[in-house]
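Coordinates from target-v7.csv are shown below (CSV, C-alpha atoms).
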```
chain,number,residue,atom,x,y,z
A,1,ARG,CA,134.9,206.0,206.7
A,2,VAL,CA,133.6,208.4,209.4
A,3,GLU,CA,130.5,206.3,210.0
A,4,LEU,CA,132.5,203.0,210.1
A,5,ASN,CA,135.0,204.7,212.6
A,6,GLN,CA,132.1,205.8,214.7
A,7,ARG,CA,130.6,202.3,214.8
A,8,LYS,CA,134.0,200.8,215.7
A,9,ALA,CA,134.5,203.4,218.4
A,10,GLN,CA,131.1,202.5,219.9
A,11,GLY,CA,132.4,198.9,220.0
A,12,TYR,CA,130.4,197.4,217.1
A,13,ASP,CA,132.4,194.9,215.1
A,14,TYR,CA,129.3,193.9,213.0
A,15,VAL,CA,127.8,196.7,211.0
A,16,ALA,CA,124.7,197.0,208.8
A,17,VAL,CA,125.5,198.9,205.6
A,18,ALA,CA,123.2,200.3,202.9
A,19,PRO,CA,124.2,202.0,199.6
A,20,GLY,CA,121.3,204.5,200.1
A,21,ASN,CA,118.1,205.5,201.7
A,22,TYR,CA,116.0,202.7,200.2
A,23,GLY,CA,118.2,200.2,202.0
A,24,LEU,CA,118.1,202.1,205.2
A,25,ASP,CA,114.3,202.3,205.0
A,26,PHE,CA,114.0,198.6,204.2
A,27,MET,CA,116.4,197.8,207.1
A,28,LYS,CA,114.2,199.7,209.6
A,29,GLU,CA,110.9,198.4,208.3
A,30,SER,CA,111.9,194.8,207.9
A,31,TYR,CA,114.3,194.3,210.9
A,32,GLY,CA,113.4,197.2,213.2
A,33,TYR,CA,117.0,198.2,213.0
A,34,ASP,CA,118.2,201.4,214.7
A,35,LEU,CA,119.4,203.6,211.8
A,36,ASP,CA,121.8,205.5,214.1
A,37,ARG,CA,123.9,202.3,214.1
A,38,SER,CA,123.9,201.8,210.3
A,39,VAL,CA,126.3,203.1,207.7
A,40,LYS,CA,125.5,204.4,204.3
A,41,CYS,CA,128.2,203.6,201.7
A,42,SER,CA,126.7,204.9,198.4
A,43,ASN,CA,128.3,203.1,195.4
A,44,PHE,CA,131.5,202.2,197.2
A,45,ILE,CA,131.0,198.5,198.1
A,46,GLY,CA,134.5,197.4,197.6
A,47,GLU,CA,136.0,200.4,199.4
A,48,THR,CA,133.7,199.9,202.3
A,49,ILE,CA,134.8,196.3,202.7
A,50,ASP,CA,138.4,197.3,202.5
A,51,MET,CA,138.0,200.1,205.1
A,52,ALA,CA,136.1,197.7,207.5
A,53,ILE,CA,138.9,195.1,207.2
A,54,ASN,CA,141.5,197.8,207.9
A,55,MET,CA,139.6,199.0,211.0
A,56,GLY,CA,139.3,195.4,212.3
A,57,ALA,CA,135.6,195.0,211.9
A,58,LYS,CA,134.4,191.4,212.0
A,59,GLY,CA,131.4,191.6,209.6
A,60,ILE,CA,129.2,193.7,207.3
A,61,LEU,CA,125.6,193.0,206.3
A,62,PHE,CA,124.7,194.9,203.2
A,63,ILE,CA,121.0,195.7,202.7
A,64,SER,CA,120.4,196.9,199.1
A,65,HIS,CA,117.9,197.4,196.3
A,66,ILE,CA,118.4,194.9,193.5
A,67,GLY,CA,119.3,197.7,191.1
A,68,LYS,CA,122.5,198.3,193.0
A,69,PHE,CA,123.5,194.9,194.3
A,70,VAL,CA,122.8,192.9,191.1
A,71,LYS,CA,126.0,194.5,189.9
A,72,VAL,CA,128.0,192.9,192.8
A,73,ALA,CA,126.8,189.5,191.4
A,74,SER,CA,129.1,190.3,188.5
A,75,GLY,CA,132.0,191.3,190.7
A,76,ILE,CA,131.4,195.1,190.2
A,77,MET,CA,132.4,196.7,193.5
A,78,ASN,CA,131.8,200.3,192.5
A,79,THR,CA,128.1,200.3,191.5
A,80,HIS,CA,128.0,203.8,190.0
A,81,SER,CA,126.6,203.6,186.4
A,82,HIS,CA,129.6,205.5,185.1
A,83,ASN,CA,131.9,202.7,186.2
A,84,ALA,CA,129.8,199.7,185.1
A,85,ASP,CA,126.3,198.5,184.6
A,86,ALA,CA,125.7,194.9,183.6
A,87,ARG,CA,122.4,194.7,185.5
A,88,MET,CA,120.4,193.0,182.7
A,89,GLU,CA,123.3,190.9,181.5
A,90,THR,CA,123.8,189.6,185.1
A,91,LEU,CA,120.1,188.9,185.6
A,92,CYS,CA,119.9,187.2,182.2
A,93,ALA,CA,123.0,185.0,182.8
A,94,ALA,CA,121.6,183.9,186.1
A,95,ALA,CA,118.2,183.2,184.6
A,96,ILE,CA,119.9,181.1,181.8
A,97,ARG,CA,121.7,179.1,184.5
A,98,CYS,CA,118.3,178.4,186.0
A,99,GLY,CA,116.8,177.2,182.7
A,100,CYS,CA,115.0,180.2,181.3
A,101,THR,CA,113.9,180.2,177.7
A,102,LEU,CA,115.7,182.1,175.0
A,103,GLU,CA,112.6,184.4,174.6
A,104,CYS,CA,112.7,185.1,178.4
A,105,ALA,CA,116.4,185.9,178.2
A,106,ARG,CA,115.8,188.3,175.3
A,107,GLU,CA,113.0,190.0,177.2
A,108,VAL,CA,115.3,190.5,180.3
A,109,LEU,CA,118.0,192.0,178.1
A,110,ASP,CA,115.5,194.5,176.6
A,111,CYS,CA,114.4,195.8,180.0
A,112,ASN,CA,115.4,199.3,181.2
A,113,THR,CA,115.0,198.7,184.9
A,114,THR,CA,115.5,195.8,187.3
A,115,ASP,CA,111.9,196.0,188.3
A,116,GLU,CA,110.9,195.4,184.7
A,117,ALA,CA,113.3,192.5,184.5
A,118,LEU,CA,111.9,191.0,187.8
A,119,GLN,CA,108.4,191.2,186.2
A,120,VAL,CA,109.7,189.2,183.2
A,121,LEU,CA,111.3,186.6,185.4
A,122,ASP,CA,108.2,186.4,187.6
A,123,SER,CA,105.9,185.9,184.6
A,124,ASN,CA,108.2,183.1,183.4
A,125,GLN,CA,108.1,181.5,186.8
A,126,ILE,CA,111.8,181.7,187.3
A,127,LEU,CA,112.2,184.7,189.6
A,128,LYS,CA,112.8,182.7,192.8
A,129,LYS,CA,115.4,180.4,191.2
A,130,THR,CA,117.2,183.3,189.5
A,131,MET,CA,117.4,185.3,192.8
A,132,GLU,CA,118.9,182.2,194.5
A,133,GLU,CA,121.6,182.2,191.8
A,134,ILE,CA,122.1,186.0,192.2
A,135,MET,CA,122.5,185.6,195.9
A,136,ARG,CA,125.0,182.8,195.5
A,137,GLN,CA,127.0,185.0,193.1
A,138,ILE,CA,126.9,188.0,195.4
A,139,GLN,CA,128.2,185.9,198.3
A,140,PHE,CA,131.0,184.6,196.1
A,141,TYR,CA,132.1,188.1,195.0
A,142,LEU,CA,131.9,189.6,198.5
A,143,ASP,CA,134.1,186.8,199.8
A,144,HIS,CA,136.4,187.0,196.8
A,145,HIS,CA,136.9,190.7,197.3
A,146,SER,CA,137.7,190.4,201.0
A,147,TYR,CA,139.8,187.2,200.7
A,148,HIS,CA,137.5,185.8,203.4
A,149,GLN,CA,139.0,188.2,206.0
A,150,ILE,CA,135.6,189.3,207.2
A,151,LEU,CA,132.1,187.9,207.5
A,152,LEU,CA,130.0,189.4,204.7
A,153,GLY,CA,126.5,189.0,203.6
A,154,ALA,CA,123.7,190.8,201.8
A,155,VAL,CA,119.9,191.1,201.8
A,156,VAL,CA,118.4,192.2,198.5
A,157,PHE,CA,114.9,193.7,197.9
A,158,SER,CA,112.9,195.7,195.4
A,159,ASN,CA,110.3,198.3,196.0
A,160,GLU,CA,107.8,196.3,194.0
A,161,TYR,CA,108.5,192.8,195.2
A,162,GLY,CA,109.9,193.4,198.6
A,163,TYR,CA,112.4,190.9,200.0
A,164,LEU,CA,114.1,189.0,197.1
A,165,GLY,CA,116.7,187.0,198.9
A,166,GLN,CA,119.8,186.9,201.1
A,167,THR,CA,123.3,185.4,200.8
A,168,ALA,CA,124.4,182.4,202.7
A,169,ASP,CA,126.1,184.4,205.5
A,170,ALA,CA,123.3,187.0,205.9
A,171,GLY,CA,121.4,185.1,208.5
A,172,GLU,CA,124.3,184.9,210.8
A,173,LEU,CA,125.0,188.6,210.4
A,174,ILE,CA,121.4,189.5,211.0
A,175,ASN,CA,121.5,187.6,214.3
A,176,LYS,CA,124.8,189.2,215.4
A,177,ILE,CA,123.7,192.7,214.5
A,178,SER,CA,120.2,192.5,215.9
A,179,LYS,CA,121.6,191.2,219.2
A,180,GLY,CA,124.0,194.2,219.2
A,181,GLU,CA,126.9,191.8,219.3
A,182,LYS,CA,130.1,193.6,219.6
```

Show how you would write the structure in this file as structure tokens.
Amino acid sequence: RVELNQRKAQGYDYVAVAPGNYGLDFMKESYGYDLDRSVKCSNFIGETIDMAINMGAKGILFISHIGKFVKVASGIMNTHSHNADARMETLCAAAIRCGCTLECAREVLDCNTTDEALQVLDSNQILKKTMEEIMRQIQFYLDHHSYHQILLGAVVFSNEYGYLGQTADAGELINKISKGEK
């Protein structure tokens, strides 16, 4: 809340938000983004959206590791593992929608980490299509949570694979934020 208030007081209506340091680092390395203008939200995706709407912000671009944001693709807005997980189930369901085999689906469900699951999807030549489906679902649930009151988007990455994808509205937000649009 304090960081969002600071950005708003500085005149920024579009804000880059990351759940943690991995996202902040990726933001700086990939987009050259000034980290003093970004916000860290931890596990509180839904609450961050709600606060931004209440403050009159116009948009949020989330930059997140797949391990956190794959949960948003299932509508989970508090990504702490004590609240919900569903990482492998979400990846598996998206892969099934994209035509993966039953064996691939089982392998994904048996993974312990999202990086392991990405390796399975990659070795089955379905990683790109699955990530496109995950991005579509993330956009849907961000918009659903906010009732379309604010422009929301996400860029998702992994430490091993780097950039994995972005939601439909992420490009517009990247442009607005990198131009310092207020």

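Restricting the calculation to only C-alpha atoms, the smallest distance between Leu118 in chain A and any of A:Ile138, A:Cys92, A:Cys98, A:Ile174 is found for A:Cys92.
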
Determine, counting only C-alpha atoms, which protein, DNA and RNA residues have an atom within 9 Å of an atom of Gln149 in chain A; residues of the same chain fewer than 5 positions away are not included. Present the result as a list in words. Ile53, Lys58 and Asp143 of chain A

Near-Ala86 in chain A list (9 Å; all atoms listed in the file; drop same-chain fewer than 6 positions) as number ranges by chain: A: 70-71, 74, 76

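Polymer residues near (123.4, 188.5, 193.5): counting all atoms listed in the file with a cut-off of 9 Å, they are Ile66, Phe69, Val70, Lys71, Val72, Ala73, Ser74, Thr90, Leu91, Ala94, Met131, Glu132, Glu133, Ile134, Met135, Arg136, Gln137, Ile138, Gln139, Phe140, Tyr141, Ala154, Val156, Gly165, Gln166 and Thr167 of chain A.
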
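One distance worth recording is that between CA of Met27 in chain A and CA of Thr130 in chain A, which is 22.8 Å.
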
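Closest to Phe26 in chain A among A:Ala52, A:Ile126, A:Ile150, A:Ile63 is A:Ile63, based on only C-alpha atoms.
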
Selected residue, from A:Thr113, A:Val15, A:Gln119, A:Asn159, that lies nearest to Asp85 in chain A when counting only C-alpha atoms: A:Thr113

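Atom pair CA of Gly20 in chain A / CA of Lys40 in chain A: separated by 5.9 Å.
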
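The interatomic distance for the pair CA of Glu29 in chain A and CA of Leu173 in chain A works out to 17.3 Å.
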
Using the partial input, fill out range 103-117 of chain A with N, CA and C atoms; write the result as a PDB file, in the frame of the given file.
```pdb
ATOM      1  N   GLU A 103     113.543 183.235 174.718  1.00  0.00           N
ATOM      2  CA  GLU A 103     112.600 184.400 174.600  1.00  0.00           C
ATOM      3  C   GLU A 103     112.653 185.171 175.963  1.00  0.00           C
ATOM      4  N   CYS A 104     112.635 184.466 177.086  1.00  0.00           N
ATOM      5  CA  CYS A 104     112.700 185.100 178.400  1.00  0.00           C
ATOM      6  C   CYS A 104     114.032 185.888 178.526  1.00  0.00           C
ATOM      7  N   ALA A 105     115.118 185.268 178.119  1.00  0.00           N
ATOM      8  CA  ALA A 105     116.400 185.900 178.200  1.00  0.00           C
ATOM      9  C   ALA A 105     116.433 187.200 177.350  1.00  0.00           C
ATOM     10  N   ARG A 106     115.878 187.131 176.164  1.00  0.00           N
ATOM     11  CA  ARG A 106     115.800 188.300 175.300  1.00  0.00           C
ATOM     12  C   ARG A 106     114.971 189.427 175.967  1.00  0.00           C
ATOM     13  N   GLU A 107     113.855 189.045 176.570  1.00  0.00           N
ATOM     14  CA  GLU A 107     113.000 190.000 177.200  1.00  0.00           C
ATOM     15  C   GLU A 107     113.741 190.716 178.385  1.00  0.00           C
ATOM     16  N   VAL A 108     114.479 189.936 179.157  1.00  0.00           N
ATOM     17  CA  VAL A 108     115.300 190.500 180.300  1.00  0.00           C
ATOM     18  C   VAL A 108     116.273 191.503 179.725  1.00  0.00           C
ATOM     19  N   LEU A 109     116.978 191.119 178.685  1.00  0.00           N
ATOM     20  CA  LEU A 109     118.000 192.000 178.100  1.00  0.00           C
ATOM     21  C   LEU A 109     117.403 193.295 177.554  1.00  0.00           C
ATOM     22  N   ASP A 110     116.135 193.272 177.167  1.00  0.00           N
ATOM     23  CA  ASP A 110     115.500 194.500 176.600  1.00  0.00           C
ATOM     24  C   ASP A 110     114.907 195.382 177.699  1.00  0.00           C
ATOM     25  N   CYS A 111     114.954 194.974 178.950  1.00  0.00           N
ATOM     26  CA  CYS A 111     114.400 195.800 180.000  1.00  0.00           C
ATOM     27  C   CYS A 111     115.298 196.987 180.334  1.00  0.00           C
ATOM     28  N   ASN A 112     114.663 198.057 180.802  1.00  0.00           N
ATOM     29  CA  ASN A 112     115.400 199.300 181.200  1.00  0.00           C
ATOM     30  C   ASN A 112     115.687 199.308 182.690  1.00  0.00           C
ATOM     31  N   THR A 113     114.829 198.687 183.483  1.00  0.00           N
ATOM     32  CA  THR A 113     115.000 198.700 184.900  1.00  0.00           C
ATOM     33  C   THR A 113     114.993 197.293 185.484  1.00  0.00           C
ATOM     34  N   THR A 114     115.559 197.141 186.669  1.00  0.00           N
ATOM     35  CA  THR A 114     115.500 195.800 187.300  1.00  0.00           C
ATOM     36  C   THR A 114     114.118 195.417 187.663  1.00  0.00           C
ATOM     37  N   ASP A 115     113.271 196.370 188.017  1.00  0.00           N
ATOM     38  CA  ASP A 115     111.900 196.000 188.300  1.00  0.00           C
ATOM     39  C   ASP A 115     111.188 195.428 187.095  1.00  0.00           C
ATOM     40  N   GLU A 116     111.446 195.991 185.915  1.00  0.00           N
ATOM     41  CA  GLU A 116     110.900 195.400 184.700  1.00  0.00           C
ATOM     42  C   GLU A 116     111.413 193.991 184.488  1.00  0.00           C
ATOM     43  N   ALA A 117     112.695 193.791 184.709  1.00  0.00           N
ATOM     44  CA  ALA A 117     113.300 192.500 184.500  1.00  0.00           C
ATOM     45  C   ALA A 117     112.716 191.474 185.528  1.00  0.00           C
TER      46      ALA A 117
END
```
